[in-house]
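Chemist: Supplied in structure tokens, the structure appears directly below.
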Amino acid sequence: MKPAIVGWGHTPFGAHKDQDLEDLIRSAAREALESAGVSGADVDGIWLGHFNAGMVDEAFPASLVLAADEGLRFTPATRCENACASGSAAIYSALNAIQSGVARIALVVGVEKMTHLDTPGVTQALARASYQREEAGQSFPQIFANLARQYAQRFGDPSEALARIAVKNHANALSNPLAQLQKELSFEFCNRVSEKNPMIAEPLRMTDCSLISDGAAALVIAQPEVAADFKRAIAFRATAQVSDFLPMSRREMTELPGPRRAFQSAFDRAGIQVHDLDFAEVHDCFTIAELMIYEAMGLAEPGQGARLLEEGQVLKGGRLPVNLSGGLKAKGHPVGATGVSMHVLAARQLAGAAGEMQVPGAELGAVFNMGGSGVANYCSVLEARR
């Protein structure tokens with residue numbers, strides 16, 4: 001038996017001008033506690049995923065979660081940071097406490113407040129997640145554009161495939177009421193540079209880049225014996241965390257070896273293969289990342305990911321739909337919240353509570369959350385309790 005998700009909360013993602021960091025934390029945490037049917041007094045530990053990097057003044061926010069319920073007072077609370085995988089870092093820290101017997105019930109919150117800054121300000125903050133000795137001065141659009149150029153040199157121009165990923169994820173977001181950008185985009189629009197779709201860092205266009213977002217998501221996770229008493233429980237069948245070298249100069253950048261190893265380790269521990277999955281939520285901070293993740297997870301050989309889009313395999317109704325939530329591309333990417341959000345939406349799929357996003361009869365799903373350019377890699381295999 002494995003630890004299980006027994007409740008969840010999720011704010012809409014977008015520009016929340018009337019809510020600060022504490023408001024977002026409190027909203028998601030309260031919803032998660034209510035969803036699980038527990039009070040703050042039942043919680044043994046709190047873990048908060050928050051990247052920040054100077055985007056807000058609150059550099060010590062873990063105890064802000066206590067404002068969600070009076071019963072949380074004096075509960076140990078810890079902030080976790082691992083770039084864009086900060087949310088998954090918080091989840092895995094909670095799982096470690098549960099599996100060691102330190103906690104019976106854990107509350108995990110992921111949050112980020114970004115939209116009060118202008119785009120250059122956010123870009124500068126996010127760039128702090130790269131290797132400063134060699135990569136200082138490069139933005140993450142430039143970093144992933146470099147990946148796309150290297151990929152193109154080895155395998156051929158992926159631009160059409162990237163446009164198809166953007167189209168897919170925007171179409172999927174139409175079924176997600178929590179998504180930031182619910183607007184259908186055509187292939188012609190995404191595949192062409194224009195005034196409304198400018199080149200951000202060649203070859204990445206605006207439609208190839210994820211959104212600047214505010215938002216929070218939360219989970220209540222319980223020991224297996226405790227979870228058995230809840231009306232719904234989504235089990236962590238397997239997890240894997242893999243860290244790779246931070247400098248890109250130490251890595252082959254036409255593939256993603258860290259993500260590949262994370263997927264393979266999680267699949268091996270779960271005793272499954274990739275096609276046993278019913279869906280996956282993966283880290284599409286840029287469309288080139290999603291394309292390369294198809295290959296890292298074993299859906300296609302290196303350089304062949306575009307075929308999955310052409311054949312419809314990763315589309316809604318396909319063999320393995322990817323990012324039914326709209327992904328970071330259209331759902332939004334409040335950095336510290338992203339990993340928790342992915343797990344919330346995957347749990348909802350497996351509980352049959354995903355609304356218009358629902359995969360009929362879904363029993364097994366994967367979540368992949370990535371920090372940096374394939375540096376911090378977290379893969380979870382979740383399953384519905386039978």
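Chain identifiers are assigned as A, B, and so on, following the order in which chains appear in the structure tokens; residues are numbered from 1 within each chain, and ligands are numbered from 1 in order of appearance.
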Any idea what's packed within 7 Å of segment 290-301 of chain A, counting only C-alpha atoms, ignoring anything in its chain fewer than 2 positions away? Could you give it as a VMD selection string?
Modeler: chain A and resid 255 to 256 259 to 260 263 274 282 to 284 286 to 288 303 to 305
Chemist: Where does segment 84-154 of chain A meet segment 367-384 of chain A within 12 Å, residue by residue, with the nearest atom pair and distance in Å to one decimal for each, counting only C-alpha atoms, listed by chain and rising number, as CSV?
Modeler:
```
residue,atom,partner,partner_atom,distance
A:Cys84,CA,A:Gly371,CA,4.3
A:Ala85,CA,A:Gly371,CA,4.6
A:Ser86,CA,A:Gly371,CA,7.6
A:Gly87,CA,A:Asn369,CA,8.5
A:Ser88,CA,A:Tyr378,CA,6.6
A:Ala89,CA,A:Tyr378,CA,8.0
A:Ala90,CA,A:Tyr378,CA,11.1
A:Ile91,CA,A:Tyr378,CA,10.0
A:Tyr92,CA,A:Tyr378,CA,8.7
A:Ser93,CA,A:Tyr378,CA,11.9
A:Leu95,CA,A:Ser380,CA,11.5
A:Leu126,CA,A:Gly372,CA,9.2
A:Ala127,CA,A:Gly372,CA,9.2
A:Arg128,CA,A:Gly372,CA,9.7
A:Ala129,CA,A:Gly372,CA,6.2
A:Ser130,CA,A:Gly372,CA,6.6
A:Tyr131,CA,A:Gly372,CA,9.6
A:Glu135,CA,A:Ser373,CA,11.7
A:Ser139,CA,A:Gly372,CA,11.2
A:Phe140,CA,A:Gly372,CA,8.3
A:Pro141,CA,A:Ser373,CA,10.7
A:Gln142,CA,A:Ser373,CA,11.2
A:Ile143,CA,A:Ser373,CA,7.7
A:Phe144,CA,A:Ser373,CA,7.4
A:Ala145,CA,A:Ser373,CA,11.1
A:Asn146,CA,A:Ser373,CA,10.6
A:Leu147,CA,A:Ser373,CA,8.8
A:Ala148,CA,A:Ser373,CA,11.8
```
Chemist: Skipping near chain neighbours, those fewer than 6 positions away, what residues fall within 12 Å of Leu345 of chain A using only C-alpha atoms, listed as a PyMOL selection string?
Modeler: chain A and resi 5+7-11+176-179+217-219+234+279-282+323-327+331+338-339+351-355+357-359+365-367+382
Chemist: Include N, CA and C atoms and write out the residues we just selected as a short mmCIF file (atom, residue, chain, number, x, y, z; two decimals), in the first residue's frame.
Modeler:
```
data_model
loop_
_atom_site.label_atom_id
_atom_site.label_comp_id
_atom_site.auth_asym_id
_atom_site.auth_seq_id
_atom_site.Cartn_x
_atom_site.Cartn_y
_atom_site.Cartn_z
N ILE A 5 -3.37 10.61 -2.08
CA ILE A 5 -4.00 11.93 -2.08
C ILE A 5 -5.46 11.75 -1.69
N GLY A 7 -7.45 14.67 -0.72
CA GLY A 7 -8.16 15.93 -0.88
C GLY A 7 -7.31 16.91 -1.67
N TRP A 8 -7.96 17.90 -2.28
CA TRP A 8 -7.22 18.84 -3.10
C TRP A 8 -7.94 20.18 -3.20
N GLY A 9 -7.14 21.20 -3.52
CA GLY A 9 -7.66 22.54 -3.75
C GLY A 9 -6.87 23.19 -4.87
N HIS A 10 -7.48 24.13 -5.57
CA HIS A 10 -6.81 24.72 -6.73
C HIS A 10 -7.50 26.05 -7.06
N THR A 11 -6.76 27.15 -6.97
CA THR A 11 -7.32 28.43 -7.40
C THR A 11 -7.31 28.49 -8.92
N ASN A 176 -11.02 23.34 -19.25
CA ASN A 176 -10.51 23.50 -17.89
C ASN A 176 -10.90 24.87 -17.35
N PRO A 177 -11.89 24.96 -16.48
CA PRO A 177 -12.33 26.26 -15.96
C PRO A 177 -11.28 26.96 -15.11
N LEU A 178 -10.22 26.25 -14.70
CA LEU A 178 -9.16 26.85 -13.90
C LEU A 178 -8.05 27.45 -14.76
N ALA A 179 -8.09 27.21 -16.07
CA ALA A 179 -7.01 27.63 -16.95
C ALA A 179 -7.00 29.15 -17.14
N ALA A 217 -2.14 25.78 -5.54
CA ALA A 217 -2.81 24.47 -5.53
C ALA A 217 -2.38 23.76 -4.25
N ALA A 218 -3.21 22.84 -3.78
CA ALA A 218 -2.92 22.17 -2.51
C ALA A 218 -3.40 20.73 -2.53
N LEU A 219 -2.73 19.91 -1.74
CA LEU A 219 -3.06 18.49 -1.59
C LEU A 219 -3.07 18.10 -0.12
N ILE A 234 -6.26 8.61 -4.04
CA ILE A 234 -5.48 8.39 -5.25
C ILE A 234 -4.06 8.10 -4.82
N PHE A 279 -3.22 8.71 -19.28
CA PHE A 279 -2.99 10.12 -19.59
C PHE A 279 -1.69 10.55 -18.91
N ALA A 280 -1.21 11.73 -19.27
CA ALA A 280 -0.03 12.30 -18.61
C ALA A 280 -0.15 13.81 -18.58
N GLU A 281 0.32 14.39 -17.48
CA GLU A 281 0.50 15.83 -17.36
C GLU A 281 2.00 16.08 -17.29
N VAL A 282 2.53 16.83 -18.26
CA VAL A 282 3.98 17.03 -18.33
C VAL A 282 4.32 18.52 -18.41
N ASN A 323 -1.41 16.52 -21.34
CA ASN A 323 -1.78 17.87 -20.92
C ASN A 323 -3.23 18.22 -21.26
N LEU A 324 -4.13 17.37 -20.81
CA LEU A 324 -5.56 17.64 -20.98
C LEU A 324 -5.99 18.90 -20.23
N SER A 325 -5.19 19.33 -19.27
CA SER A 325 -5.49 20.54 -18.51
C SER A 325 -5.22 21.81 -19.29
N GLY A 326 -4.52 21.69 -20.41
CA GLY A 326 -4.02 22.85 -21.14
C GLY A 326 -2.53 23.06 -20.91
N GLY A 327 -1.98 22.33 -19.93
CA GLY A 327 -0.56 22.42 -19.66
C GLY A 327 -0.14 23.80 -19.17
N LYS A 331 -2.90 26.58 -19.34
CA LYS A 331 -3.42 26.60 -17.97
C LYS A 331 -2.74 27.70 -17.17
N THR A 338 3.07 24.88 -9.87
CA THR A 338 2.88 24.02 -11.04
C THR A 338 2.89 22.53 -10.70
N GLY A 339 3.89 22.06 -9.96
CA GLY A 339 3.95 20.63 -9.65
C GLY A 339 2.76 20.16 -8.84
N ALA A 351 -10.05 10.18 -9.98
CA ALA A 351 -11.25 10.11 -9.14
C ALA A 351 -12.53 10.25 -9.96
N GLY A 352 -12.38 10.42 -11.27
CA GLY A 352 -13.56 10.61 -12.13
C GLY A 352 -14.21 11.96 -11.90
N ALA A 353 -13.41 12.96 -11.48
CA ALA A 353 -13.94 14.28 -11.12
C ALA A 353 -13.33 15.38 -11.96
N ALA A 354 -12.95 15.07 -13.21
CA ALA A 354 -12.27 16.04 -14.05
C ALA A 354 -13.19 16.79 -15.00
N GLY A 355 -14.49 16.57 -14.88
CA GLY A 355 -15.44 17.32 -15.70
C GLY A 355 -15.23 17.07 -17.18
N MET A 357 -12.69 17.56 -18.88
CA MET A 357 -11.34 17.04 -19.17
C MET A 357 -11.26 15.53 -19.01
N GLN A 358 -12.29 14.90 -18.50
CA GLN A 358 -12.23 13.52 -18.05
C GLN A 358 -11.89 12.52 -19.15
N VAL A 359 -10.95 11.64 -18.85
CA VAL A 359 -10.68 10.46 -19.66
C VAL A 359 -11.55 9.35 -19.12
N GLY A 365 -2.17 7.34 -14.28
CA GLY A 365 -1.69 8.56 -14.91
C GLY A 365 -0.29 8.89 -14.45
N ALA A 366 0.41 9.67 -15.27
CA ALA A 366 1.76 10.12 -14.92
C ALA A 366 1.80 11.63 -14.83
N VAL A 367 2.62 12.12 -13.92
CA VAL A 367 2.90 13.54 -13.76
C VAL A 367 4.40 13.72 -13.88
N LEU A 382 0.45 7.80 -10.63
CA LEU A 382 -0.70 7.80 -9.73
C LEU A 382 -1.72 6.79 -10.21
#
```
Chemist: Rank nothing, just name the residue among A:Ser265, A:Leu181, A:Val167, A:Gln349 nearest to Gly361 of chain A, using only C-alpha atoms.
Modeler: A:Gln349
Chemist: Contacts of segment 70-79 of chain A at 7 Å or less, counting only C-alpha atoms, minus same-chain residues fewer than 6 places along, as a list in words?
Modeler: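 Non-adjacent residues within range: Ser39, Gly40, Ala41, Asp44, Gly45, Ile46, Trp47, Leu48, Gly49, His50, Ala62 and Ser63 of chain A.
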Chemist: Taking the DSSP assignment computed from this structure's backbone, write out as a VMD selection string all residues of segment 99-278 of chain A that belong to strand (DSSP E or B).
Modeler: chain A and resid 105 to 112 199 to 201 204 to 205 209 214 to 222 234 to 243
Chemist: Could you take the residues named above and write them with N, CA, C and O atoms, as a compact mmCIF listing (two decimals), in the first residue's frame?
Modeler:
```
# COMPACT_ATOMS: atom_id res chain seq x y z
N ILE A 105 -0.88 12.54 8.26
CA ILE A 105 -1.57 13.38 7.28
C ILE A 105 -0.73 14.62 7.02
O ILE A 105 -0.28 15.28 7.96
N ALA A 106 -0.49 14.91 5.74
CA ALA A 106 0.32 16.06 5.35
C ALA A 106 -0.49 17.01 4.48
O ALA A 106 -1.34 16.57 3.69
N LEU A 107 -0.20 18.29 4.64
CA LEU A 107 -0.80 19.32 3.78
C LEU A 107 0.31 19.93 2.94
O LEU A 107 1.33 20.39 3.48
N VAL A 108 0.13 19.90 1.62
CA VAL A 108 1.11 20.46 0.68
C VAL A 108 0.45 21.58 -0.10
O VAL A 108 -0.66 21.42 -0.63
N VAL A 109 1.13 22.71 -0.19
CA VAL A 109 0.64 23.85 -0.96
C VAL A 109 1.75 24.31 -1.89
O VAL A 109 2.92 24.36 -1.51
N GLY A 110 1.38 24.64 -3.12
CA GLY A 110 2.31 25.26 -4.06
C GLY A 110 1.74 26.60 -4.47
O GLY A 110 0.53 26.72 -4.69
N VAL A 111 2.60 27.62 -4.59
CA VAL A 111 2.09 28.96 -4.86
C VAL A 111 3.14 29.81 -5.57
O VAL A 111 4.34 29.61 -5.41
N GLU A 112 2.67 30.76 -6.37
CA GLU A 112 3.52 31.80 -6.91
C GLU A 112 2.67 33.01 -7.25
O GLU A 112 1.51 32.88 -7.69
N MET A 199 8.26 36.65 -32.65
CA MET A 199 9.37 35.79 -32.27
C MET A 199 9.93 36.27 -30.94
O MET A 199 10.27 37.45 -30.78
N ILE A 200 10.00 35.37 -29.96
CA ILE A 200 10.53 35.72 -28.64
C ILE A 200 12.02 35.43 -28.57
O ILE A 200 12.82 36.25 -28.12
N ALA A 201 12.41 34.24 -28.99
CA ALA A 201 13.81 33.84 -29.08
C ALA A 201 13.85 32.76 -30.16
O ALA A 201 13.33 31.67 -29.95
N LEU A 204 11.52 30.15 -31.13
CA LEU A 204 10.33 30.12 -30.28
C LEU A 204 9.52 31.41 -30.44
O LEU A 204 10.03 32.51 -30.21
N ARG A 205 8.25 31.22 -30.81
CA ARG A 205 7.32 32.33 -30.92
C ARG A 205 6.56 32.50 -29.60
O ARG A 205 6.68 31.67 -28.70
N CYS A 209 5.57 29.74 -25.75
CA CYS A 209 6.01 30.05 -24.39
C CYS A 209 4.86 29.97 -23.41
O CYS A 209 3.74 30.38 -23.72
N ASP A 214 -0.41 33.96 -11.66
CA ASP A 214 -0.59 33.87 -10.22
C ASP A 214 -1.45 32.63 -9.94
O ASP A 214 -2.36 32.32 -10.73
N GLY A 215 -1.21 31.97 -8.82
CA GLY A 215 -2.08 30.86 -8.48
C GLY A 215 -1.50 29.97 -7.40
O GLY A 215 -0.32 30.07 -7.04
N ALA A 216 -2.36 29.11 -6.88
CA ALA A 216 -1.96 28.16 -5.85
C ALA A 216 -2.74 26.87 -6.02
O ALA A 216 -3.85 26.86 -6.57
N ALA A 217 -2.14 25.78 -5.54
CA ALA A 217 -2.81 24.47 -5.53
C ALA A 217 -2.38 23.76 -4.25
O ALA A 217 -1.32 24.06 -3.69
N ALA A 218 -3.21 22.84 -3.78
CA ALA A 218 -2.92 22.17 -2.51
C ALA A 218 -3.40 20.73 -2.53
O ALA A 218 -4.36 20.39 -3.24
N LEU A 219 -2.73 19.91 -1.74
CA LEU A 219 -3.06 18.49 -1.59
C LEU A 219 -3.07 18.10 -0.12
O LEU A 219 -2.25 18.60 0.66
N VAL A 220 -3.95 17.21 0.25
CA VAL A 220 -3.87 16.50 1.52
C VAL A 220 -3.46 15.07 1.19
O VAL A 220 -4.10 14.40 0.37
N ILE A 221 -2.35 14.63 1.80
CA ILE A 221 -1.80 13.30 1.54
C ILE A 221 -1.79 12.52 2.85
O ILE A 221 -1.43 13.06 3.90
N ALA A 222 -2.17 11.24 2.79
CA ALA A 222 -2.29 10.44 4.00
C ALA A 222 -1.54 9.13 3.89
O ALA A 222 -1.34 8.60 2.79
N ILE A 234 -6.26 8.61 -4.04
CA ILE A 234 -5.48 8.39 -5.25
C ILE A 234 -4.06 8.10 -4.82
O ILE A 234 -3.36 8.95 -4.26
N ALA A 235 -3.60 6.88 -5.08
CA ALA A 235 -2.33 6.41 -4.54
C ALA A 235 -1.14 6.80 -5.41
O ALA A 235 -1.25 6.86 -6.64
N PHE A 236 -0.01 7.06 -4.73
CA PHE A 236 1.27 7.20 -5.42
C PHE A 236 1.81 5.80 -5.65
O PHE A 236 2.43 5.21 -4.77
N ARG A 237 1.57 5.27 -6.83
CA ARG A 237 2.07 3.93 -7.12
C ARG A 237 3.60 3.92 -7.17
O ARG A 237 4.24 2.93 -6.75
N ALA A 238 4.19 4.99 -7.71
CA ALA A 238 5.65 5.09 -7.74
C ALA A 238 6.05 6.55 -7.93
O ALA A 238 5.30 7.34 -8.51
N THR A 239 7.22 6.88 -7.43
CA THR A 239 7.78 8.22 -7.64
C THR A 239 9.26 8.08 -7.94
O THR A 239 9.91 7.11 -7.55
N ALA A 240 9.79 9.08 -8.64
CA ALA A 240 11.23 9.12 -8.90
C ALA A 240 11.67 10.57 -9.00
O ALA A 240 11.03 11.37 -9.68
N GLN A 241 12.75 10.89 -8.33
CA GLN A 241 13.38 12.20 -8.43
C GLN A 241 14.79 12.00 -8.96
O GLN A 241 15.57 11.21 -8.40
N VAL A 242 15.12 12.73 -10.02
CA VAL A 242 16.44 12.63 -10.64
C VAL A 242 16.98 14.04 -10.83
O VAL A 242 16.31 14.89 -11.41
N SER A 243 18.19 14.28 -10.34
CA SER A 243 18.84 15.58 -10.55
C SER A 243 20.03 15.41 -11.48
O SER A 243 20.84 14.48 -11.32
```
